[in-house]
>>> print(open('data25.txt').read())   # compact mmCIF, C-alpha atoms and all ligand atoms
# COMPACT_ATOMS: atom_id res chain seq x y z
CA MET A 1 -42.99 4.53 -65.99
CA ALA A 2 -46.10 6.27 -64.73
CA ALA A 3 -47.71 4.65 -61.78
CA ASP A 4 -51.19 6.15 -61.34
CA GLY A 5 -51.06 9.75 -60.22
CA GLY A 6 -47.67 10.22 -61.87
CA GLY A 7 -46.84 12.84 -64.46
CA ALA A 8 -47.52 12.93 -68.16
CA LEU A 9 -46.40 10.12 -70.43
CA PRO A 10 -44.28 11.77 -73.12
CA PRO A 11 -44.73 11.07 -76.82
CA GLY A 12 -42.81 7.91 -77.66
CA ALA A 13 -44.48 6.02 -74.80
CA THR A 14 -46.67 3.04 -75.61
CA ILE A 15 -50.42 2.87 -75.08
CA GLY A 16 -51.92 -0.59 -74.65
CA ILE A 17 -55.38 -1.02 -76.13
CA LEU A 18 -57.52 -3.97 -75.05
CA GLY A 19 -59.85 -4.81 -77.91
CA GLY A 20 -59.24 -4.76 -81.63
CA GLY A 21 -62.28 -3.03 -83.15
CA GLN A 22 -62.71 0.27 -84.97
CA LEU A 23 -62.69 2.28 -81.74
CA GLY A 24 -59.22 0.93 -80.99
CA ARG A 25 -58.16 1.58 -84.58
CA MET A 26 -59.22 5.24 -84.47
CA THR A 27 -57.64 5.64 -81.00
CA ALA A 28 -54.36 4.24 -82.35
CA LEU A 29 -54.47 6.59 -85.35
CA ALA A 30 -55.01 9.60 -83.05
CA ALA A 31 -52.23 8.41 -80.75
CA ALA A 32 -49.82 8.05 -83.65
CA ARG A 33 -50.49 11.65 -84.64
CA LEU A 34 -49.28 12.74 -81.19
CA GLY A 35 -46.18 10.55 -81.45
CA TYR A 36 -47.33 7.66 -79.25
CA ARG A 37 -46.98 3.99 -80.06
CA CYS A 38 -49.86 1.60 -79.58
CA HIS A 39 -49.97 -2.10 -78.79
CA VAL A 40 -53.31 -3.81 -79.28
CA PHE A 41 -54.42 -6.95 -77.43
CA CYS A 42 -57.26 -8.75 -79.19
CA ASP A 43 -58.55 -12.24 -79.77
CA GLU A 44 -58.73 -12.12 -83.57
CA ALA A 45 -55.94 -11.78 -86.09
CA ASP A 46 -56.29 -8.95 -88.63
CA ALA A 47 -58.72 -7.03 -86.38
CA PRO A 48 -59.27 -3.37 -87.41
CA ALA A 49 -56.98 -2.00 -84.66
CA ALA A 50 -54.35 -4.70 -85.17
CA GLN A 51 -53.88 -3.46 -88.75
CA VAL A 52 -52.54 -0.09 -87.58
CA ALA A 53 -50.51 -0.98 -84.46
CA ALA A 54 -48.40 -3.72 -82.92
CA ALA A 55 -50.66 -6.55 -81.77
CA THR A 56 -50.86 -9.51 -79.45
CA VAL A 57 -53.49 -12.00 -80.56
CA ALA A 58 -54.59 -14.14 -77.61
CA ALA A 59 -57.69 -15.00 -75.62
CA TYR A 60 -58.92 -12.44 -73.06
CA ASP A 61 -58.49 -15.06 -70.33
CA ASP A 62 -54.87 -15.87 -71.22
CA ALA A 63 -53.26 -14.59 -68.00
CA ALA A 64 -49.68 -15.02 -69.20
CA ALA A 65 -50.31 -13.16 -72.46
CA LEU A 66 -52.14 -10.36 -70.61
CA ALA A 67 -49.25 -9.94 -68.15
CA GLU A 68 -46.66 -9.85 -70.92
CA PHE A 69 -48.76 -7.34 -72.86
CA ALA A 70 -49.15 -5.13 -69.76
CA ARG A 71 -45.43 -5.14 -69.06
CA SER A 72 -44.69 -4.05 -72.64
CA VAL A 73 -46.80 -0.86 -72.45
CA ASP A 74 -46.98 2.26 -70.23
CA VAL A 75 -50.73 2.70 -69.80
CA VAL A 76 -53.73 0.62 -70.84
CA THR A 77 -57.16 1.54 -72.14
CA PHE A 78 -60.02 -0.58 -73.48
CA GLU A 79 -62.24 -0.06 -76.47
CA PHE A 80 -64.72 -2.87 -76.08
CA GLU A 81 -67.74 -2.62 -73.83
CA ASN A 82 -67.96 -6.30 -72.97
CA MET A 83 -64.28 -6.71 -72.11
CA PRO A 84 -64.12 -9.18 -69.19
CA ALA A 85 -63.35 -7.19 -66.04
CA ALA A 86 -61.02 -10.01 -64.97
CA ALA A 87 -58.77 -9.26 -67.96
CA LEU A 88 -58.62 -5.60 -66.94
CA ARG A 89 -57.78 -6.51 -63.35
CA ALA A 90 -54.98 -8.80 -64.52
CA VAL A 91 -53.54 -5.92 -66.52
CA ALA A 92 -54.09 -3.39 -63.70
CA ALA A 93 -51.69 -5.41 -61.52
CA HIS A 94 -48.91 -4.12 -63.80
CA ARG A 95 -49.99 -0.84 -65.36
CA PRO A 96 -52.65 1.85 -64.84
CA VAL A 97 -55.90 1.03 -66.64
CA ARG A 98 -57.87 4.08 -67.76
CA PRO A 99 -60.60 5.38 -67.92
CA SER A 100 -61.74 3.20 -64.98
CA ILE A 101 -62.48 -0.47 -64.38
CA ARG A 102 -65.30 0.40 -61.97
CA ALA A 103 -67.00 2.57 -64.61
CA LEU A 104 -66.80 -0.29 -67.11
CA GLU A 105 -68.26 -2.75 -64.61
CA ILE A 106 -71.18 -0.41 -63.95
CA ALA A 107 -71.75 0.15 -67.68
CA GLN A 108 -71.70 -3.61 -68.31
CA ASP A 109 -74.64 -4.14 -65.95
CA ARG A 110 -77.85 -2.29 -66.81
CA VAL A 111 -79.16 -2.58 -63.24
CA ALA A 112 -75.94 -1.16 -61.74
CA GLU A 113 -76.06 1.56 -64.39
CA LYS A 114 -79.61 2.59 -63.50
CA ARG A 115 -78.72 2.56 -59.78
CA PHE A 116 -75.71 4.75 -60.53
CA PHE A 117 -77.87 7.26 -62.43
CA ALA A 118 -80.36 7.35 -59.55
CA ALA A 119 -77.61 7.85 -56.97
CA GLN A 120 -76.37 10.84 -58.98
CA GLY A 121 -79.84 12.35 -59.22
CA ILE A 122 -79.90 11.63 -62.97
CA ALA A 123 -83.39 10.69 -64.18
CA SER A 124 -84.00 7.61 -66.31
CA ALA A 125 -87.06 5.65 -67.49
CA PRO A 126 -88.83 3.80 -64.66
CA TRP A 127 -87.41 0.28 -64.30
CA ARG A 128 -87.57 -2.96 -62.35
CA PRO A 129 -84.99 -5.75 -62.11
CA VAL A 130 -86.18 -9.04 -63.63
CA PRO A 131 -83.65 -11.58 -62.33
CA ASP A 132 -85.83 -14.54 -63.34
CA TYR A 133 -89.05 -15.34 -65.23
CA PRO A 134 -91.41 -15.19 -62.20
CA ALA A 135 -90.29 -11.58 -61.62
CA LEU A 136 -91.46 -10.47 -65.08
CA ALA A 137 -95.26 -10.31 -64.60
CA PRO A 138 -95.08 -8.33 -61.30
CA ALA A 139 -92.54 -5.94 -62.86
CA LEU A 140 -94.85 -5.34 -65.84
CA ARG A 141 -97.80 -4.69 -63.50
CA ALA A 142 -95.71 -2.29 -61.41
CA LEU A 143 -94.61 -0.23 -64.41
CA GLY A 144 -97.92 -0.43 -66.31
CA GLY A 145 -98.15 0.29 -70.04
CA ALA A 146 -95.61 -0.52 -72.73
CA CYS A 147 -92.14 -1.65 -71.63
CA VAL A 148 -88.81 -2.86 -73.00
CA LEU A 149 -87.22 -6.00 -71.60
CA LYS A 150 -83.41 -5.95 -71.87
CA THR A 151 -80.73 -8.36 -70.77
CA VAL A 152 -78.74 -7.00 -67.83
CA ARG A 153 -75.44 -7.87 -69.48
CA MET A 154 -73.95 -8.16 -72.97
CA GLY A 155 -76.57 -6.05 -74.71
CA TYR A 156 -75.51 -3.75 -77.52
CA ASP A 157 -76.95 -2.31 -80.72
CA GLY A 158 -80.47 -3.22 -79.56
CA LYS A 159 -79.60 -6.93 -79.18
CA GLY A 160 -81.16 -8.85 -76.29
CA GLN A 161 -84.28 -6.66 -76.19
CA ALA A 162 -88.01 -7.29 -76.47
CA ARG A 163 -90.88 -4.82 -76.40
CA ILE A 164 -93.82 -5.96 -74.29
CA GLU A 165 -97.09 -4.58 -72.96
CA PRO A 166 -99.84 -5.82 -70.69
CA GLY A 167 -101.38 -8.78 -72.53
CA SER A 168 -98.16 -9.67 -74.40
CA ASP A 169 -96.92 -13.25 -74.46
CA LEU A 170 -94.43 -12.98 -71.59
CA ALA A 171 -92.94 -16.44 -72.13
CA ALA A 172 -92.12 -15.48 -75.73
CA ALA A 173 -90.51 -12.21 -74.60
CA TRP A 174 -88.47 -14.04 -71.97
CA ALA A 175 -87.32 -16.50 -74.65
CA ARG A 176 -86.44 -13.63 -76.98
CA VAL A 177 -83.98 -12.14 -74.47
CA GLY A 178 -82.45 -15.58 -73.92
CA ARG A 179 -83.94 -16.39 -70.49
CA VAL A 180 -81.16 -14.55 -68.65
CA PRO A 181 -81.29 -11.92 -65.86
CA SER A 182 -82.91 -8.84 -67.35
CA ILE A 183 -84.31 -5.41 -66.61
CA LEU A 184 -87.74 -4.09 -67.53
CA GLU A 185 -87.91 -0.43 -68.50
CA GLY A 186 -90.92 1.74 -69.17
CA PHE A 187 -91.13 2.50 -72.91
CA VAL A 188 -90.26 6.16 -73.45
CA GLU A 189 -92.25 7.96 -76.14
CA PHE A 190 -89.25 10.09 -76.88
CA GLU A 191 -89.08 13.15 -79.06
CA ARG A 192 -85.47 12.40 -79.95
CA GLU A 193 -82.38 10.57 -78.76
CA ILE A 194 -79.25 12.51 -77.92
CA SER A 195 -75.83 11.75 -76.50
CA VAL A 196 -73.02 13.70 -74.89
CA ILE A 197 -69.36 12.81 -74.56
CA ALA A 198 -67.51 14.19 -71.55
CA ALA A 199 -63.81 13.87 -70.82
CA ARG A 200 -61.82 14.06 -67.59
CA GLY A 201 -58.06 14.49 -67.45
CA LEU A 202 -55.57 13.00 -65.02
CA ASP A 203 -55.53 16.37 -63.22
CA GLY A 204 -59.33 16.26 -62.75
CA SER A 205 -60.11 18.91 -65.38
CA VAL A 206 -63.21 18.22 -67.48
CA ALA A 207 -64.43 19.04 -70.97
CA CYS A 208 -67.53 18.22 -72.93
CA TYR A 209 -68.56 17.98 -76.59
CA ASP A 210 -71.78 19.43 -77.93
CA PRO A 211 -74.84 17.21 -77.48
CA VAL A 212 -75.68 15.37 -80.70
CA GLU A 213 -78.80 13.76 -82.04
CA ASN A 214 -78.87 10.05 -82.93
CA ARG A 215 -81.19 8.16 -85.28
CA HIS A 216 -81.22 4.38 -85.02
CA ARG A 217 -82.30 1.81 -87.58
CA ASP A 218 -83.01 -1.78 -86.45
CA GLY A 219 -81.47 -0.90 -83.05
CA ILE A 220 -78.17 0.23 -84.62
CA LEU A 221 -76.97 3.83 -84.82
CA ASP A 222 -77.60 5.07 -88.34
CA VAL A 223 -77.05 8.84 -88.33
CA THR A 224 -75.60 11.32 -85.82
CA ARG A 225 -76.26 15.03 -86.29
CA ALA A 226 -74.07 17.58 -84.52
CA PRO A 227 -75.32 19.65 -82.86
CA ALA A 228 -78.66 18.25 -81.66
CA ALA A 229 -81.57 20.54 -82.58
CA ILE A 230 -82.48 21.29 -78.96
CA SER A 231 -82.77 24.42 -76.87
CA ASP A 232 -79.69 25.86 -75.16
CA ALA A 233 -81.24 25.04 -71.78
CA LEU A 234 -81.71 21.38 -72.74
CA ALA A 235 -78.17 21.21 -74.16
CA ASP A 236 -76.81 22.63 -70.90
CA GLY A 237 -78.82 20.06 -68.94
CA ALA A 238 -77.46 17.23 -71.11
CA ARG A 239 -73.87 18.45 -70.69
CA GLU A 240 -74.40 18.70 -66.96
CA ILE A 241 -75.51 15.05 -66.79
CA ALA A 242 -72.43 13.82 -68.69
CA LEU A 243 -70.11 15.94 -66.55
CA ARG A 244 -71.73 14.67 -63.36
CA ALA A 245 -71.21 11.08 -64.54
CA VAL A 246 -67.57 11.57 -65.58
CA GLN A 247 -66.75 13.14 -62.23
CA ALA A 248 -68.71 10.72 -60.05
CA LEU A 249 -66.89 7.81 -61.69
CA ASP A 250 -63.42 9.38 -61.36
CA ILE A 251 -62.89 8.67 -65.03
CA VAL A 252 -59.54 9.41 -66.65
CA GLY A 253 -60.66 9.39 -70.26
CA LEU A 254 -64.11 9.60 -71.81
CA ILE A 255 -67.67 8.75 -71.05
CA CYS A 256 -70.62 8.90 -73.43
CA VAL A 257 -74.09 9.21 -71.94
CA GLU A 258 -77.06 8.41 -74.19
CA MET A 259 -80.32 10.11 -73.27
CA PHE A 260 -83.91 10.36 -74.40
CA VAL A 261 -85.58 13.75 -74.74
CA ALA A 262 -89.10 12.86 -73.62
CA ARG A 263 -92.15 14.53 -75.21
CA ASP A 264 -92.50 16.71 -72.08
CA GLY A 265 -88.89 17.91 -72.49
CA ALA A 266 -87.45 15.79 -69.66
CA LEU A 267 -83.98 14.30 -70.12
CA LEU A 268 -83.84 10.59 -69.27
CA ALA A 269 -80.47 8.83 -69.25
CA ASN A 270 -80.56 5.52 -71.13
CA GLU A 271 -77.06 4.14 -70.93
CA MET A 272 -73.43 5.13 -70.71
CA ALA A 273 -70.12 3.89 -72.09
CA PRO A 274 -66.69 4.74 -70.63
CA ARG A 275 -64.94 4.74 -74.01
CA PRO A 276 -65.06 6.49 -77.37
CA HIS A 277 -68.52 6.21 -78.86
CA ASN A 278 -69.97 5.84 -82.34
CA SER A 279 -71.96 9.05 -81.80
CA GLY A 280 -68.64 10.90 -81.37
CA HIS A 281 -67.02 9.93 -84.67
CA TRP A 282 -68.02 13.29 -86.15
CA THR A 283 -65.48 14.96 -83.81
CA ILE A 284 -62.62 13.59 -85.96
CA ASP A 285 -63.64 15.91 -88.78
CA ALA A 286 -65.47 18.77 -87.05
CA CYS A 287 -63.53 19.55 -83.84
CA ALA A 288 -60.04 20.73 -83.03
CA THR A 289 -59.63 17.67 -80.79
CA SER A 290 -61.40 14.44 -81.71
CA GLN A 291 -62.85 12.14 -79.05
CA PHE A 292 -59.99 9.73 -79.80
CA GLU A 293 -57.28 12.34 -79.32
CA GLN A 294 -59.07 13.46 -76.15
CA LEU A 295 -58.89 9.93 -74.79
CA VAL A 296 -55.18 9.74 -75.61
CA ARG A 297 -54.57 13.12 -73.96
CA ALA A 298 -56.43 12.09 -70.82
CA ILE A 299 -54.85 8.67 -70.31
CA CYS A 300 -51.37 10.03 -71.04
CA GLY A 301 -51.79 12.89 -68.57
CA LEU A 302 -51.70 15.66 -71.19
CA PRO A 303 -53.99 18.67 -70.91
CA LEU A 304 -57.45 18.05 -72.40
CA GLY A 305 -57.90 19.52 -75.88
CA ASP A 306 -60.38 22.00 -77.26
CA THR A 307 -63.79 20.37 -77.81
CA ALA A 308 -65.23 23.29 -79.80
CA ARG A 309 -67.06 22.40 -83.01
CA PHE A 310 -65.88 24.40 -86.04
CA ALA A 311 -68.54 22.96 -88.36
CA ASP A 312 -71.92 21.28 -88.09
CA ALA A 313 -71.64 17.63 -88.99
CA GLU A 314 -73.68 14.66 -90.06
CA MET A 315 -72.17 11.21 -89.57
CA THR A 316 -73.70 8.22 -91.34
CA ASN A 317 -72.67 4.68 -90.46
CA LEU A 318 -71.92 2.25 -93.26
CA ILE A 319 -73.55 -0.93 -92.04
CA GLY A 320 -73.21 -4.30 -93.74
CA ASP A 321 -73.16 -4.01 -97.52
CA GLU A 322 -73.71 -0.23 -97.40
CA VAL A 323 -69.92 -0.16 -97.44
CA ASP A 324 -70.11 -1.23 -101.09
CA SER A 325 -70.98 2.39 -101.88
CA TRP A 326 -67.41 3.44 -101.00
CA PRO A 327 -66.43 4.24 -104.63
CA ARG A 328 -69.25 6.83 -104.79
CA LEU A 329 -68.47 8.21 -101.31
CA VAL A 330 -64.75 8.52 -101.87
CA ALA A 331 -65.52 10.56 -105.01
CA GLU A 332 -68.05 12.82 -103.27
CA PRO A 333 -66.60 16.30 -102.74
CA GLY A 334 -66.34 17.14 -99.06
CA ALA A 335 -67.43 13.72 -97.79
CA ARG A 336 -64.95 12.30 -95.30
CA LEU A 337 -64.86 8.55 -95.62
CA HIS A 338 -63.60 6.30 -92.82
CA LEU A 339 -63.29 2.57 -93.48
CA TYR A 340 -62.44 0.11 -90.74
CA GLY A 341 -60.53 -2.52 -92.70
CA LYS A 342 -62.96 -5.35 -91.95
CA SER A 343 -62.46 -8.03 -94.57
CA GLU A 344 -65.80 -9.74 -93.99
CA THR A 345 -69.06 -7.85 -94.54
CA ARG A 346 -71.92 -9.12 -92.38
CA PRO A 347 -75.47 -7.76 -91.98
CA GLY A 348 -75.54 -5.32 -89.05
CA ARG A 349 -71.74 -5.04 -88.92
CA LYS A 350 -70.28 -1.52 -88.71
CA MET A 351 -67.91 -1.36 -91.69
CA GLY A 352 -67.14 2.35 -91.78
CA HIS A 353 -68.74 5.78 -91.64
CA VAL A 354 -68.92 8.97 -93.64
CA THR A 355 -69.01 12.48 -92.20
CA ARG A 356 -70.33 15.49 -94.07
CA LEU A 357 -69.63 18.99 -92.72
CA LYS A 358 -71.65 22.17 -92.97
CA PRO A 359 -69.80 25.40 -92.17
CA ILE A 360 -71.19 27.33 -89.21
CA ARG A 361 -72.44 30.73 -90.37
CA GLY A 362 -70.81 33.37 -88.20
P1 LIG B 1 -80.02 0.49 -75.82
O1 LIG B 1 -79.33 -0.82 -76.14
O2 LIG B 1 -80.48 0.59 -74.42
O3 LIG B 1 -79.21 1.68 -76.27
O4 LIG B 1 -81.33 0.51 -76.75
C1 LIG B 1 -81.25 0.57 -78.16
C2 LIG B 1 -82.33 1.48 -78.70
O5 LIG B 1 -83.64 0.98 -78.35
C3 LIG B 1 -82.30 2.89 -78.11
O6 LIG B 1 -81.37 3.69 -78.75
C4 LIG B 1 -83.76 3.32 -78.33
O7 LIG B 1 -83.96 3.70 -79.68
C5 LIG B 1 -84.52 2.05 -78.05
N1 LIG B 1 -84.89 2.01 -76.61
C6 LIG B 1 -84.15 1.48 -75.62
N2 LIG B 1 -84.74 1.62 -74.42
C7 LIG B 1 -85.90 2.27 -74.64
C8 LIG B 1 -86.96 2.72 -73.80
N3 LIG B 1 -86.96 2.51 -72.47
N4 LIG B 1 -88.00 3.38 -74.38
C9 LIG B 1 -88.02 3.58 -75.73
N5 LIG B 1 -87.06 3.17 -76.58
C10 LIG B 1 -86.01 2.52 -76.05
>>> encode(input="data25.txt", output="structure tokens")
Amino acid sequence: MAADGGGALPPGATIGILGGGQLGRMTALAAARLGYRCHVFCDEADAPAAQVAAATVAAYDDAAALAEFARSVDVVTFEFENMPAAALRAVAAHRPVRPSIRALEIAQDRVAEKRFFAAQGIASAPWRPVPDYPALAPALRALGGACVLKTVRMGYDGKGQARIEPGSDLAAAWARVGRVPSILEGFVEFEREISVIAARGLDGSVACYDPVENRHRDGILDVTRAPAAISDALADGAREIALRAVQALDIVGLICVEMFVARDGALLANEMAPRPHNSGHWTIDACATSQFEQLVRAICGLPLGDTARFADAEMTNLIGDEVDSWPRLVAEPGARLHLYGKSETRPGRKMGHVTRLKPIRG
């Protein structure tokens, strides 16, 4: 059932999830709570999401497996930023794919993403495309000062990045990003990093979570604090940016926009992701509707849920062998431990997270 634009998918329907990571796992858990079934398509057996739902394990370019998967579900979403767009198109021939393939394609390409922000009147750090090595020196001269070189595609958790300044060894920086098409951004001396998750329903209604503050370690999100310690005016501005993005992209689902708060108070968009986001995991424990339930509501055509925060929250990622502290965390009163079921611990791998709540004084 449910061609795009149709009515709500009732509980009992099946949601297809492309990608088998923790975002898919937590989406499937939220879907189950509302009575939906989930079917995961991923390329690895025993993936975190495949442990809690039916699963097809096949390559993302296996057209026959993708078509069979699509025909066995009612609606499809994706949880993995670098999902090949071709896989999504193959699936979209059979079932609606939400939030939006176009939004994912823009988010997969840092140049397209920056152009999108500019077209929406959303400020970002100054940037220049660096499609090849000869373009790097002129781009650095044009921007002046310290910069960050990032690969256009396949970058995540700070991978594929090099900081450079006038006088730096450009050949070494180019080698560090893998000698692939890149973008040069002015280095932002930010006061803090924040992010906002906005949702849009099938009926076009929108909702937004409180802006949160993110601390990174070695390029990977370490701690998220909800709410961000920023003025109401800045919080409103950040919400407005996320809402503008979710509407301009015709999303049915979620988008997370990461932003810098510059020293002068300006908000500069850094990147966006049309999927649940690590900086929204706190919503599972501190909001009436988590980001995962919100995604399920949106893609199934249900009304969006209440995004209000009933507690302040601090979410800490458990990265690599930090997960070994689970016996202490599971015994800690009030700590809410989430483990992703990954059997192999690797440095830099997100193994779980813990959320601690602080009641809001009324
Ligand atoms: P990204 O992959 O773009 O999210 O970058 C990872 C992290 O690198 C960000 O969360 C920032 O901490 C830092 N970073 C990225 N771009 C810039 C920039 N233009 N100026 C300063 N720091 C940056």
>>> closest_residue(input="data25.txt", among="A:Asp43, A:Glu68, A:Glu105, A:Glu189", to="ligand LIG 1 (chain B)", atoms="all atoms listed in the file")
A:Glu189
>>> closest_residue(input="data25.txt", among="A:Ile164, A:Ile319, A:Ile230, A:Met83", to="ligand LIG 1 (chain B)", atoms="only C-alpha atoms and all ligand atoms")
A:Ile164
>>> residues_around(input="data25.txt", residues="A:Ala175", least_positions_apart="2", cutoff="12 Å", atoms="only C-alpha atoms", output="VMD selection string")
chain A and resid 132 to 133 149 to 151 160 to 162 169 to 173 177 to 182
>>> residues_near_ligand(input="data25.txt", ligand="ligand LIG 1 (chain B)", cutoff="9 Å", atoms="only C-alpha atoms and all ligand atoms", output="count of residues only")
41
>>> residues_around(input="data25.txt", residues="A:Leu66", least_positions_apart="2", cutoff="8 Å", atoms="all atoms listed in the file", output="ChimeraX atom specification")
/A:41,60-64,68-70,87,90-91
>>> closest_residue(input="data25.txt", among="A:Val223, A:Ala28, A:Leu143, A:Leu267", to="A:Arg239", atoms="only C-alpha atoms")
A:Leu267
>>> residues_around(input="data25.txt", residues="stretch 326-337 of chain A", least_positions_apart="2", cutoff="6 Å", atoms="only C-alpha atoms", output="list in words")
Val323, Asp324, Val354, Thr355 and Arg356 of chain A
>>> residues_around(input="data25.txt", residues="A:Cys208", least_positions_apart="2", cutoff="10 Å", atoms="all atoms listed in the file", output="list in words")
Val196, Ile197, Ala198, Ala199, Arg200, Val206, Asp210, Pro211, Arg239, Glu240, Ala242, Leu243, Val246, Leu254, Ile255, Cys256, Gln291, Asp306, Thr307 and Ala308 of chain A
>>> closest_residue(input="data25.txt", among="A:Ala32, A:Cys42, A:Ala238, A:Ile251", to="A:Arg102", atoms="only C-alpha atoms")
A:Ile251
>>> closest_residue(input="data25.txt", among="A:Pro274, A:Gly35, A:Gly348, A:Gly7", to="A:Asp203", atoms="all atoms listed in the file")
A:Gly7
>>> decode(input="data25.txt", residues="stretch 264-277 of chain A", atoms="N, CA, C and O atoms", output="PDB file, in the first residue's frame")
ATOM      1  N   ASP A 264      31.840  35.928  17.201  1.00  0.00           N
ATOM      2  CA  ASP A 264      31.024  37.153  17.119  1.00  0.00           C
ATOM      3  C   ASP A 264      29.529  36.850  17.233  1.00  0.00           C
ATOM      4  O   ASP A 264      28.699  37.726  17.030  1.00  0.00           O
ATOM      5  N   GLY A 265      29.180  35.590  17.532  1.00  0.00           N
ATOM      6  CA  GLY A 265      27.775  35.237  17.734  1.00  0.00           C
ATOM      7  C   GLY A 265      27.066  34.802  16.458  1.00  0.00           C
ATOM      8  O   GLY A 265      25.890  34.417  16.510  1.00  0.00           O
ATOM      9  N   ALA A 266      27.765  34.822  15.325  1.00  0.00           N
ATOM     10  CA  ALA A 266      27.117  34.401  14.072  1.00  0.00           C
ATOM     11  C   ALA A 266      26.922  32.886  14.069  1.00  0.00           C
ATOM     12  O   ALA A 266      27.730  32.142  14.635  1.00  0.00           O
ATOM     13  N   LEU A 267      25.834  32.442  13.436  1.00  0.00           N
ATOM     14  CA  LEU A 267      25.592  31.011  13.249  1.00  0.00           C
ATOM     15  C   LEU A 267      26.049  30.624  11.853  1.00  0.00           C
ATOM     16  O   LEU A 267      25.605  31.206  10.865  1.00  0.00           O
ATOM     17  N   LEU A 268      26.938  29.640  11.769  1.00  0.00           N
ATOM     18  CA  LEU A 268      27.459  29.192  10.474  1.00  0.00           C
ATOM     19  C   LEU A 268      27.153  27.707  10.326  1.00  0.00           C
ATOM     20  O   LEU A 268      27.612  26.884  11.139  1.00  0.00           O
ATOM     21  N   ALA A 269      26.371  27.355   9.317  1.00  0.00           N
ATOM     22  CA  ALA A 269      26.032  25.942   9.113  1.00  0.00           C
ATOM     23  C   ALA A 269      27.278  25.191   8.663  1.00  0.00           C
ATOM     24  O   ALA A 269      28.021  25.667   7.799  1.00  0.00           O
ATOM     25  N   ASN A 270      27.523  24.029   9.236  1.00  0.00           N
ATOM     26  CA  ASN A 270      28.668  23.214   8.831  1.00  0.00           C
ATOM     27  C   ASN A 270      28.226  22.083   7.916  1.00  0.00           C
ATOM     28  O   ASN A 270      28.663  21.992   6.788  1.00  0.00           O
ATOM     29  N   GLU A 271      27.350  21.238   8.405  1.00  0.00           N
ATOM     30  CA  GLU A 271      26.856  20.177   7.527  1.00  0.00           C
ATOM     31  C   GLU A 271      25.491  19.725   7.990  1.00  0.00           C
ATOM     32  O   GLU A 271      25.013  20.100   9.050  1.00  0.00           O
ATOM     33  N   MET A 272      24.855  18.910   7.142  1.00  0.00           N
ATOM     34  CA  MET A 272      23.517  18.423   7.503  1.00  0.00           C
ATOM     35  C   MET A 272      23.408  16.939   7.165  1.00  0.00           C
ATOM     36  O   MET A 272      24.161  16.422   6.340  1.00  0.00           O
ATOM     37  N   ALA A 273      22.470  16.275   7.825  1.00  0.00           N
ATOM     38  CA  ALA A 273      22.256  14.848   7.594  1.00  0.00           C
ATOM     39  C   ALA A 273      20.758  14.574   7.613  1.00  0.00           C
ATOM     40  O   ALA A 273      20.093  14.886   8.606  1.00  0.00           O
ATOM     41  N   PRO A 274      20.208  14.002   6.525  1.00  0.00           N
ATOM     42  CA  PRO A 274      18.769  13.741   6.487  1.00  0.00           C
ATOM     43  C   PRO A 274      18.422  12.388   7.089  1.00  0.00           C
ATOM     44  O   PRO A 274      17.912  11.504   6.426  1.00  0.00           O
ATOM     45  N   ARG A 275      18.711  12.254   8.384  1.00  0.00           N
ATOM     46  CA  ARG A 275      18.525  10.970   9.086  1.00  0.00           C
ATOM     47  C   ARG A 275      18.643  11.246  10.571  1.00  0.00           C
ATOM     48  O   ARG A 275      19.048  12.352  10.963  1.00  0.00           O
ATOM     49  N   PRO A 276      18.329  10.247  11.415  1.00  0.00           N
ATOM     50  CA  PRO A 276      18.595  10.461  12.846  1.00  0.00           C
ATOM     51  C   PRO A 276      20.079  10.751  13.024  1.00  0.00           C
ATOM     52  O   PRO A 276      20.907  10.353  12.205  1.00  0.00           O
ATOM     53  N   HIS A 277      20.401  11.443  14.113  1.00  0.00           N
ATOM     54  CA  HIS A 277      21.777  11.906  14.290  1.00  0.00           C
ATOM     55  C   HIS A 277      22.255  11.592  15.695  1.00  0.00           C
ATOM     56  O   HIS A 277      21.481  11.639  16.653  1.00  0.00           O
TER      57      HIS A 277
END
